[in-house]
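As stored in my_file_5.cif (mmCIF, N, CA and C atoms):
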data_model
loop_
_atom_site.label_atom_id
_atom_site.label_comp_id
_atom_site.auth_asym_id
_atom_site.auth_seq_id
_atom_site.Cartn_x
_atom_site.Cartn_y
_atom_site.Cartn_z
N MET L 76 -103.66 24.04 -127.27
CA MET L 76 -103.18 24.58 -126.01
C MET L 76 -103.35 26.10 -126.03
N LYS L 77 -103.90 26.64 -125.00
CA LYS L 77 -104.12 28.08 -124.88
C LYS L 77 -102.95 28.73 -124.15
N PRO L 78 -102.60 29.97 -124.53
CA PRO L 78 -101.55 30.68 -123.79
C PRO L 78 -101.94 30.86 -122.33
N GLU L 79 -100.96 30.74 -121.46
CA GLU L 79 -101.21 30.97 -120.04
C GLU L 79 -101.41 32.45 -119.78
N ALA L 80 -102.18 32.77 -118.79
CA ALA L 80 -102.52 34.17 -118.51
C ALA L 80 -101.34 34.95 -117.93
N LEU L 81 -100.36 34.26 -117.38
CA LEU L 81 -99.24 34.95 -116.75
C LEU L 81 -98.36 35.66 -117.78
N SER L 82 -98.02 36.88 -117.50
CA SER L 82 -97.04 37.58 -118.32
C SER L 82 -95.66 37.11 -117.92
N CYS L 83 -94.71 37.37 -118.77
CA CYS L 83 -93.35 36.94 -118.47
C CYS L 83 -92.39 38.07 -118.80
N ALA L 84 -91.14 37.85 -118.51
CA ALA L 84 -90.13 38.87 -118.74
C ALA L 84 -89.64 38.91 -120.18
N VAL L 85 -90.16 38.05 -121.04
CA VAL L 85 -89.72 38.01 -122.43
C VAL L 85 -90.52 39.02 -123.24
N GLU L 86 -89.79 39.86 -123.98
CA GLU L 86 -90.43 40.84 -124.86
C GLU L 86 -90.45 40.30 -126.28
N CYS L 87 -91.49 40.66 -126.99
CA CYS L 87 -91.64 40.26 -128.39
C CYS L 87 -90.49 40.86 -129.22
N ILE L 88 -89.92 40.06 -130.08
CA ILE L 88 -88.82 40.53 -130.93
C ILE L 88 -89.32 41.43 -132.06
N ILE L 89 -90.63 41.48 -132.26
CA ILE L 89 -91.21 42.33 -133.30
C ILE L 89 -91.69 43.66 -132.74
N CYS L 90 -92.54 43.60 -131.70
CA CYS L 90 -93.20 44.82 -131.21
C CYS L 90 -92.75 45.25 -129.81
N ASN L 91 -91.91 44.46 -129.17
CA ASN L 91 -91.38 44.75 -127.83
C ASN L 91 -92.43 44.72 -126.71
N GLN L 92 -93.59 44.16 -126.97
CA GLN L 92 -94.60 44.00 -125.93
C GLN L 92 -94.31 42.71 -125.16
N SER L 93 -94.85 42.60 -123.95
CA SER L 93 -94.66 41.39 -123.16
C SER L 93 -95.36 40.21 -123.82
N MET L 94 -94.68 39.08 -123.79
CA MET L 94 -95.25 37.86 -124.34
C MET L 94 -95.78 37.00 -123.18
N VAL L 95 -96.65 36.05 -123.49
CA VAL L 95 -97.16 35.12 -122.48
C VAL L 95 -96.52 33.76 -122.72
N LEU L 96 -96.30 33.05 -121.62
CA LEU L 96 -95.76 31.70 -121.71
C LEU L 96 -96.83 30.80 -122.30
N TYR L 97 -96.52 30.14 -123.40
CA TYR L 97 -97.48 29.27 -124.09
C TYR L 97 -97.32 27.82 -123.65
N GLY L 98 -96.09 27.44 -123.39
CA GLY L 98 -95.82 26.07 -122.98
C GLY L 98 -94.35 25.75 -123.12
N HIS L 99 -94.05 24.47 -123.18
CA HIS L 99 -92.68 24.01 -123.30
C HIS L 99 -92.59 22.95 -124.39
N ALA L 100 -91.43 22.84 -125.01
CA ALA L 100 -91.25 21.86 -126.08
C ALA L 100 -89.84 21.30 -126.01
N ASP L 101 -89.69 20.10 -126.55
CA ASP L 101 -88.39 19.45 -126.60
C ASP L 101 -87.47 20.17 -127.57
N TYR L 102 -86.19 20.18 -127.24
CA TYR L 102 -85.15 20.75 -128.09
C TYR L 102 -83.92 19.90 -127.89
N TYR L 103 -83.05 19.87 -128.85
CA TYR L 103 -81.85 19.06 -128.70
C TYR L 103 -80.68 19.68 -129.43
N ASP L 104 -79.49 19.30 -128.99
CA ASP L 104 -78.28 19.64 -129.71
C ASP L 104 -77.47 18.34 -129.84
N ARG L 105 -76.21 18.45 -130.18
CA ARG L 105 -75.44 17.23 -130.42
C ARG L 105 -75.19 16.41 -129.16
N SER L 106 -75.32 17.02 -127.99
CA SER L 106 -74.97 16.28 -126.78
C SER L 106 -76.12 16.06 -125.79
N SER L 107 -77.27 16.70 -126.00
CA SER L 107 -78.33 16.54 -125.01
C SER L 107 -79.71 16.88 -125.57
N HIS L 108 -80.73 16.41 -124.87
CA HIS L 108 -82.12 16.75 -125.13
C HIS L 108 -82.64 17.50 -123.91
N PHE L 109 -83.45 18.54 -124.13
CA PHE L 109 -83.95 19.32 -123.02
C PHE L 109 -85.22 20.05 -123.45
N LYS L 110 -85.89 20.65 -122.49
CA LYS L 110 -87.12 21.42 -122.76
C LYS L 110 -86.78 22.90 -122.84
N THR L 111 -87.49 23.60 -123.71
CA THR L 111 -87.37 25.05 -123.77
C THR L 111 -88.76 25.65 -123.68
N SER L 112 -88.83 26.90 -123.29
CA SER L 112 -90.12 27.60 -123.19
C SER L 112 -90.52 28.14 -124.56
N ILE L 113 -91.82 28.15 -124.80
CA ILE L 113 -92.39 28.74 -126.00
C ILE L 113 -93.27 29.90 -125.54
N TYR L 114 -93.09 31.07 -126.13
CA TYR L 114 -93.85 32.26 -125.76
C TYR L 114 -94.72 32.68 -126.94
N PHE L 115 -95.79 33.40 -126.60
CA PHE L 115 -96.74 33.87 -127.62
C PHE L 115 -96.97 35.36 -127.45
N CYS L 116 -96.93 36.09 -128.57
CA CYS L 116 -97.25 37.51 -128.56
C CYS L 116 -98.67 37.68 -129.11
N LYS L 117 -99.55 38.20 -128.25
CA LYS L 117 -100.94 38.41 -128.66
C LYS L 117 -101.06 39.51 -129.71
N ASP L 118 -100.20 40.53 -129.62
CA ASP L 118 -100.27 41.65 -130.56
C ASP L 118 -99.82 41.25 -131.96
N CYS L 119 -98.76 40.46 -132.06
CA CYS L 119 -98.20 40.08 -133.36
C CYS L 119 -98.68 38.72 -133.84
N ASP L 120 -99.31 37.95 -132.94
CA ASP L 120 -99.78 36.61 -133.26
C ASP L 120 -98.62 35.71 -133.71
N ILE L 121 -97.50 35.78 -132.97
CA ILE L 121 -96.35 34.95 -133.28
C ILE L 121 -95.92 34.15 -132.05
N PHE L 122 -95.24 33.06 -132.32
CA PHE L 122 -94.63 32.25 -131.27
C PHE L 122 -93.13 32.51 -131.31
N TYR L 123 -92.49 32.36 -130.15
CA TYR L 123 -91.06 32.63 -130.06
C TYR L 123 -90.45 31.67 -129.05
N ARG L 124 -89.33 31.09 -129.44
CA ARG L 124 -88.58 30.21 -128.56
C ARG L 124 -87.20 30.83 -128.33
N PRO L 125 -86.99 31.45 -127.17
CA PRO L 125 -85.68 32.06 -126.93
C PRO L 125 -84.62 30.98 -126.67
N VAL L 126 -83.69 30.88 -127.59
CA VAL L 126 -82.61 29.91 -127.47
C VAL L 126 -81.31 30.64 -127.79
N ASP L 127 -80.32 30.42 -126.97
CA ASP L 127 -79.00 31.01 -127.17
C ASP L 127 -78.48 30.64 -128.56
N ASN L 128 -77.79 31.56 -129.21
CA ASN L 128 -77.30 31.32 -130.57
C ASN L 128 -76.34 30.14 -130.67
N ALA L 129 -75.52 29.93 -129.66
CA ALA L 129 -74.60 28.79 -129.67
C ALA L 129 -75.38 27.48 -129.64
N ILE L 130 -76.44 27.42 -128.84
CA ILE L 130 -77.28 26.22 -128.78
C ILE L 130 -78.01 26.04 -130.10
N ARG L 131 -78.51 27.13 -130.66
CA ARG L 131 -79.22 27.07 -131.94
C ARG L 131 -78.29 26.53 -133.04
N LEU L 132 -77.05 26.98 -133.06
CA LEU L 132 -76.10 26.51 -134.06
C LEU L 132 -75.79 25.03 -133.84
N ASP L 133 -75.62 24.63 -132.59
CA ASP L 133 -75.35 23.22 -132.30
C ASP L 133 -76.55 22.36 -132.70
N HIS L 134 -77.75 22.86 -132.50
CA HIS L 134 -78.96 22.15 -132.94
C HIS L 134 -78.94 21.96 -134.45
N HIS L 135 -78.53 23.00 -135.15
CA HIS L 135 -78.47 22.93 -136.62
C HIS L 135 -77.59 21.76 -137.07
N TYR L 136 -76.45 21.59 -136.44
CA TYR L 136 -75.55 20.50 -136.83
C TYR L 136 -76.05 19.14 -136.38
N ALA L 137 -76.92 19.10 -135.40
CA ALA L 137 -77.47 17.83 -134.91
C ALA L 137 -78.73 17.41 -135.67
N ALA L 138 -79.39 18.35 -136.31
CA ALA L 138 -80.68 18.08 -136.95
C ALA L 138 -80.53 17.16 -138.16
N SER L 139 -81.45 16.22 -138.28
CA SER L 139 -81.37 15.25 -139.37
C SER L 139 -81.57 15.88 -140.74
N TYR L 140 -82.29 16.99 -140.81
CA TYR L 140 -82.56 17.60 -142.10
C TYR L 140 -81.37 18.31 -142.73
N VAL L 141 -80.27 18.45 -142.02
CA VAL L 141 -79.08 19.06 -142.62
C VAL L 141 -77.99 18.02 -142.93
N GLN L 142 -78.28 16.77 -142.67
CA GLN L 142 -77.32 15.71 -142.97
C GLN L 142 -77.41 15.35 -144.45
N LYS L 143 -76.29 15.37 -145.13
CA LYS L 143 -76.24 15.15 -146.58
C LYS L 143 -76.95 13.86 -147.00
N GLN L 144 -76.78 12.80 -146.25
CA GLN L 144 -77.38 11.52 -146.62
C GLN L 144 -78.90 11.54 -146.53
N ASN L 145 -79.47 12.49 -145.78
CA ASN L 145 -80.93 12.59 -145.65
C ASN L 145 -81.56 13.56 -146.63
N GLU L 146 -80.73 14.28 -147.39
CA GLU L 146 -81.24 15.32 -148.28
C GLU L 146 -82.29 14.82 -149.27
N PRO L 147 -82.09 13.71 -149.97
CA PRO L 147 -83.12 13.27 -150.93
C PRO L 147 -84.48 13.01 -150.28
N ALA L 148 -84.49 12.40 -149.12
CA ALA L 148 -85.77 12.10 -148.46
C ALA L 148 -86.49 13.38 -148.03
N PHE L 149 -85.75 14.33 -147.46
CA PHE L 149 -86.38 15.59 -147.06
C PHE L 149 -86.83 16.40 -148.27
N TYR L 150 -86.05 16.39 -149.32
CA TYR L 150 -86.43 17.10 -150.55
C TYR L 150 -87.74 16.54 -151.09
N ASP L 151 -87.79 15.22 -151.22
CA ASP L 151 -88.99 14.59 -151.75
C ASP L 151 -90.22 14.85 -150.88
N ALA L 152 -90.01 14.91 -149.57
CA ALA L 152 -91.13 15.12 -148.66
C ALA L 152 -91.62 16.56 -148.65
N ARG L 153 -90.77 17.51 -149.03
CA ARG L 153 -91.13 18.93 -148.89
C ARG L 153 -91.31 19.69 -150.20
N ILE L 154 -90.85 19.14 -151.30
CA ILE L 154 -90.86 19.89 -152.55
C ILE L 154 -92.27 20.31 -152.96
N HIS L 155 -93.24 19.45 -152.75
CA HIS L 155 -94.62 19.79 -153.15
C HIS L 155 -95.17 20.95 -152.33
N LEU L 156 -94.82 21.01 -151.05
CA LEU L 156 -95.24 22.13 -150.22
C LEU L 156 -94.64 23.43 -150.75
N PHE L 157 -93.34 23.43 -151.04
CA PHE L 157 -92.70 24.64 -151.53
C PHE L 157 -93.23 25.05 -152.90
N GLU L 158 -93.51 24.09 -153.76
CA GLU L 158 -94.10 24.40 -155.07
C GLU L 158 -95.48 25.02 -154.89
N TYR L 159 -96.24 24.51 -153.93
CA TYR L 159 -97.57 25.07 -153.64
C TYR L 159 -97.45 26.50 -153.11
N LEU L 160 -96.52 26.74 -152.20
CA LEU L 160 -96.33 28.10 -151.67
C LEU L 160 -95.92 29.06 -152.78
N ILE L 161 -95.03 28.63 -153.65
CA ILE L 161 -94.61 29.48 -154.78
C ILE L 161 -95.80 29.77 -155.68
N SER L 162 -96.66 28.78 -155.91
CA SER L 162 -97.84 29.00 -156.76
C SER L 162 -98.77 30.04 -156.14
N LEU L 163 -98.90 30.02 -154.79
CA LEU L 163 -99.74 31.03 -154.12
C LEU L 163 -99.14 32.42 -154.27
N VAL L 164 -97.84 32.53 -154.11
CA VAL L 164 -97.18 33.82 -154.27
C VAL L 164 -97.41 34.34 -155.68
N LYS L 165 -97.22 33.51 -156.66
CA LYS L 165 -97.42 33.94 -158.05
C LYS L 165 -98.88 34.31 -158.31
N LYS L 166 -99.79 33.54 -157.75
CA LYS L 166 -101.22 33.80 -157.95
C LYS L 166 -101.65 35.14 -157.38
N TYR L 167 -101.16 35.45 -156.17
CA TYR L 167 -101.63 36.65 -155.49
C TYR L 167 -100.74 37.86 -155.67
N THR L 168 -99.58 37.71 -156.25
CA THR L 168 -98.73 38.86 -156.51
C THR L 168 -98.59 39.13 -158.00
N ASN L 169 -98.93 38.14 -158.80
CA ASN L 169 -98.85 38.27 -160.25
C ASN L 169 -97.44 38.67 -160.69
N ARG L 170 -96.45 38.15 -159.99
CA ARG L 170 -95.05 38.45 -160.30
C ARG L 170 -94.23 37.18 -160.29
N ASN L 171 -93.20 37.20 -161.08
CA ASN L 171 -92.22 36.13 -161.06
C ASN L 171 -90.88 36.78 -160.75
N SER L 172 -90.38 36.62 -159.56
CA SER L 172 -89.18 37.33 -159.11
C SER L 172 -87.94 36.91 -159.89
N ASN L 173 -87.99 35.81 -160.61
CA ASN L 173 -86.84 35.38 -161.39
C ASN L 173 -86.71 36.14 -162.70
N THR L 174 -87.79 36.74 -163.17
CA THR L 174 -87.73 37.37 -164.49
C THR L 174 -88.04 38.86 -164.47
N GLU L 175 -88.71 39.34 -163.44
CA GLU L 175 -89.08 40.75 -163.41
C GLU L 175 -88.19 41.53 -162.47
N GLU L 176 -87.94 42.77 -162.84
CA GLU L 176 -87.18 43.65 -161.94
C GLU L 176 -88.13 44.25 -160.92
N ARG L 177 -87.61 44.59 -159.78
CA ARG L 177 -88.42 45.19 -158.72
C ARG L 177 -88.58 46.65 -158.93
#

Before anything else, please render the file you have as structure tokens.
Amino acid sequence: MKPEALSCAVECIICNQSMVLYGHADYYDRSSHFKTSIYFCKDCDIFYRPVDNAIRLDHHYAASYVQKQNEPAFYDARIHLFEYLISLVKKYTNRNSNTEER
């Protein structure tokens, strides 16, 4: 999906430039499902979903990945990705943050 050409009133949280509306995506909290807008900053190459902090917190409590009973399944599904990311950091920084001082 390509960003829409229309500018919007949302400013980038990084560079304060106007972002473009990229599209919409589903979002949910404990009591409802709804669509939110997704914006794109051409200067920073980032996506941003403006969501009120109260809604964001309610989403956190509704999300399956924070439920204790789901922890083993999510851990098993994601651990290899995180190990790979850590290996890249070590490879390209030649540092181990657990043993070296900054």

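Atom CA of L:Phe122 to atom N of L:Gly98 spans 9.3 Å [interatomic distance, one decimal].
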
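The spacing separating atom CA of L:Leu96 from atom C of L:Phe109 amounts to 15.8 Å.
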
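One finds atom C of L:Arg153 at 26.7 Å from atom C of L:Asn128.
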
Starting from the point (-95.0, 35.8, -127.3), work out which residues of protein, DNA or RNA have an atom no more than 7 Å away when counting all atoms listed in the file; state them as a PyMOL selection string. chain L and resi 85-87+93-96+113-117+121-123

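The neighbours of stretch 131-138 of chain L here are the residues that come within 6.5 Å of it, using all atoms listed in the file and leaving out any residue fewer than 6 positions away in the same chain; they are Tyr103, Asp104 and Arg105 of chain L.
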
Enumerate, as a ChimeraX atom specification, the complete set of residues in chain L that a backbone-based DSSP assignment places in strand (DSSP E or B). /L:82-86,93-103,108-116,121-123

Could you tell me, as a VMD selection string, which residues of stretch 84-162 of chain L DSSP assigns to alpha helix (DSSP H) when given the backbone? chain L and resid 128 to 137 146 to 162

Dump of N, CA and C atoms for the selected residues, as a CSV table (one decimal), keeping the file's coordinate frame:
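Contents of the output file part.csv:
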chain,number,residue,atom,x,y,z
L,128,ASN,N,-77.8,31.6,-129.2
L,128,ASN,CA,-77.3,31.3,-130.6
L,128,ASN,C,-76.3,30.1,-130.7
L,129,ALA,N,-75.5,29.9,-129.7
L,129,ALA,CA,-74.6,28.8,-129.7
L,129,ALA,C,-75.4,27.5,-129.6
L,130,ILE,N,-76.4,27.4,-128.8
L,130,ILE,CA,-77.3,26.2,-128.8
L,130,ILE,C,-78.0,26.0,-130.1
L,131,ARG,N,-78.5,27.1,-130.7
L,131,ARG,CA,-79.2,27.1,-131.9
L,131,ARG,C,-78.3,26.5,-133.0
L,132,LEU,N,-77.0,27.0,-133.1
L,132,LEU,CA,-76.1,26.5,-134.1
L,132,LEU,C,-75.8,25.0,-133.8
L,133,ASP,N,-75.6,24.6,-132.6
L,133,ASP,CA,-75.4,23.2,-132.3
L,133,ASP,C,-76.6,22.4,-132.7
L,134,HIS,N,-77.8,22.9,-132.5
L,134,HIS,CA,-79.0,22.2,-132.9
L,134,HIS,C,-78.9,22.0,-134.4
L,135,HIS,N,-78.5,23.0,-135.2
L,135,HIS,CA,-78.5,22.9,-136.6
L,135,HIS,C,-77.6,21.8,-137.1
L,136,TYR,N,-76.4,21.6,-136.4
L,136,TYR,CA,-75.6,20.5,-136.8
L,136,TYR,C,-76.0,19.1,-136.4
L,137,ALA,N,-76.9,19.1,-135.4
L,137,ALA,CA,-77.5,17.8,-134.9
L,137,ALA,C,-78.7,17.4,-135.7
L,146,GLU,N,-80.7,14.3,-147.4
L,146,GLU,CA,-81.2,15.3,-148.3
L,146,GLU,C,-82.3,14.8,-149.3
L,147,PRO,N,-82.1,13.7,-150.0
L,147,PRO,CA,-83.1,13.3,-150.9
L,147,PRO,C,-84.5,13.0,-150.3
L,148,ALA,N,-84.5,12.4,-149.1
L,148,ALA,CA,-85.8,12.1,-148.5
L,148,ALA,C,-86.5,13.4,-148.0
L,149,PHE,N,-85.8,14.3,-147.5
L,149,PHE,CA,-86.4,15.6,-147.1
L,149,PHE,C,-86.8,16.4,-148.3
L,150,TYR,N,-86.0,16.4,-149.3
L,150,TYR,CA,-86.4,17.1,-150.6
L,150,TYR,C,-87.7,16.5,-151.1
L,151,ASP,N,-87.8,15.2,-151.2
L,151,ASP,CA,-89.0,14.6,-151.8
L,151,ASP,C,-90.2,14.8,-150.9
L,152,ALA,N,-90.0,14.9,-149.6
L,152,ALA,CA,-91.1,15.1,-148.7
L,152,ALA,C,-91.6,16.6,-148.6
L,153,ARG,N,-90.8,17.5,-149.0
L,153,ARG,CA,-91.1,18.9,-148.9
L,153,ARG,C,-91.3,19.7,-150.2
L,154,ILE,N,-90.8,19.1,-151.3
L,154,ILE,CA,-90.9,19.9,-152.6
L,154,ILE,C,-92.3,20.3,-153.0
L,155,HIS,N,-93.2,19.4,-152.8
L,155,HIS,CA,-94.6,19.8,-153.2
L,155,HIS,C,-95.2,21.0,-152.3
L,156,LEU,N,-94.8,21.0,-151.0
L,156,LEU,CA,-95.2,22.1,-150.2
L,156,LEU,C,-94.6,23.4,-150.8
L,157,PHE,N,-93.3,23.4,-151.0
L,157,PHE,CA,-92.7,24.6,-151.5
L,157,PHE,C,-93.2,25.0,-152.9
L,158,GLU,N,-93.5,24.1,-153.8
L,158,GLU,CA,-94.1,24.4,-155.1
L,158,GLU,C,-95.5,25.0,-154.9
L,159,TYR,N,-96.2,24.5,-153.9
L,159,TYR,CA,-97.6,25.1,-153.6
L,159,TYR,C,-97.4,26.5,-153.1
L,160,LEU,N,-96.5,26.7,-152.2
L,160,LEU,CA,-96.3,28.1,-151.7
L,160,LEU,C,-95.9,29.1,-152.8
L,161,ILE,N,-95.0,28.6,-153.6
L,161,ILE,CA,-94.6,29.5,-154.8
L,161,ILE,C,-95.8,29.8,-155.7
L,162,SER,N,-96.7,28.8,-155.9
L,162,SER,CA,-97.8,29.0,-156.8
L,162,SER,C,-98.8,30.0,-156.1

If the box runs along x, y and z of the file and leaves 8 Å on each side of stretch 86-105 of chain L, what are its centre and edge lengths in Å, one decimal, as JSON?
{"center_x": -86.3, "center_y": 30.8, "center_z": -127.5, "size_x": 38.3, "size_y": 44.8, "size_z": 27.7}

Using only C-alpha atoms, determine which residues lie at most 6 Å from L:Lys110, disregarding the query and same-chain residues fewer than 4 positions distant; provide the list as a PDB file with N, CA and C atoms, keeping the file's coordinate frame.
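The resulting file, out.pdb, is shown below:
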ATOM      1  N   ALA L 100     -91.430  22.840-125.010  1.00  0.00           N
ATOM      2  CA  ALA L 100     -91.250  21.860-126.080  1.00  0.00           C
ATOM      3  C   ALA L 100     -89.840  21.300-126.010  1.00  0.00           C
ATOM      4  N   ASP L 101     -89.690  20.100-126.550  1.00  0.00           N
ATOM      5  CA  ASP L 101     -88.390  19.450-126.600  1.00  0.00           C
ATOM      6  C   ASP L 101     -87.470  20.170-127.570  1.00  0.00           C
ATOM      7  N   TYR L 102     -86.190  20.180-127.240  1.00  0.00           N
ATOM      8  CA  TYR L 102     -85.150  20.750-128.090  1.00  0.00           C
ATOM      9  C   TYR L 102     -83.920  19.900-127.890  1.00  0.00           C
TER      10      TYR L 102
END

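Nearest-residue note for L:Thr111: choosing from L:Tyr97, L:Tyr150, L:Tyr140, L:Tyr167, the minimum distance belongs to L:Tyr97, counting only C-alpha atoms.
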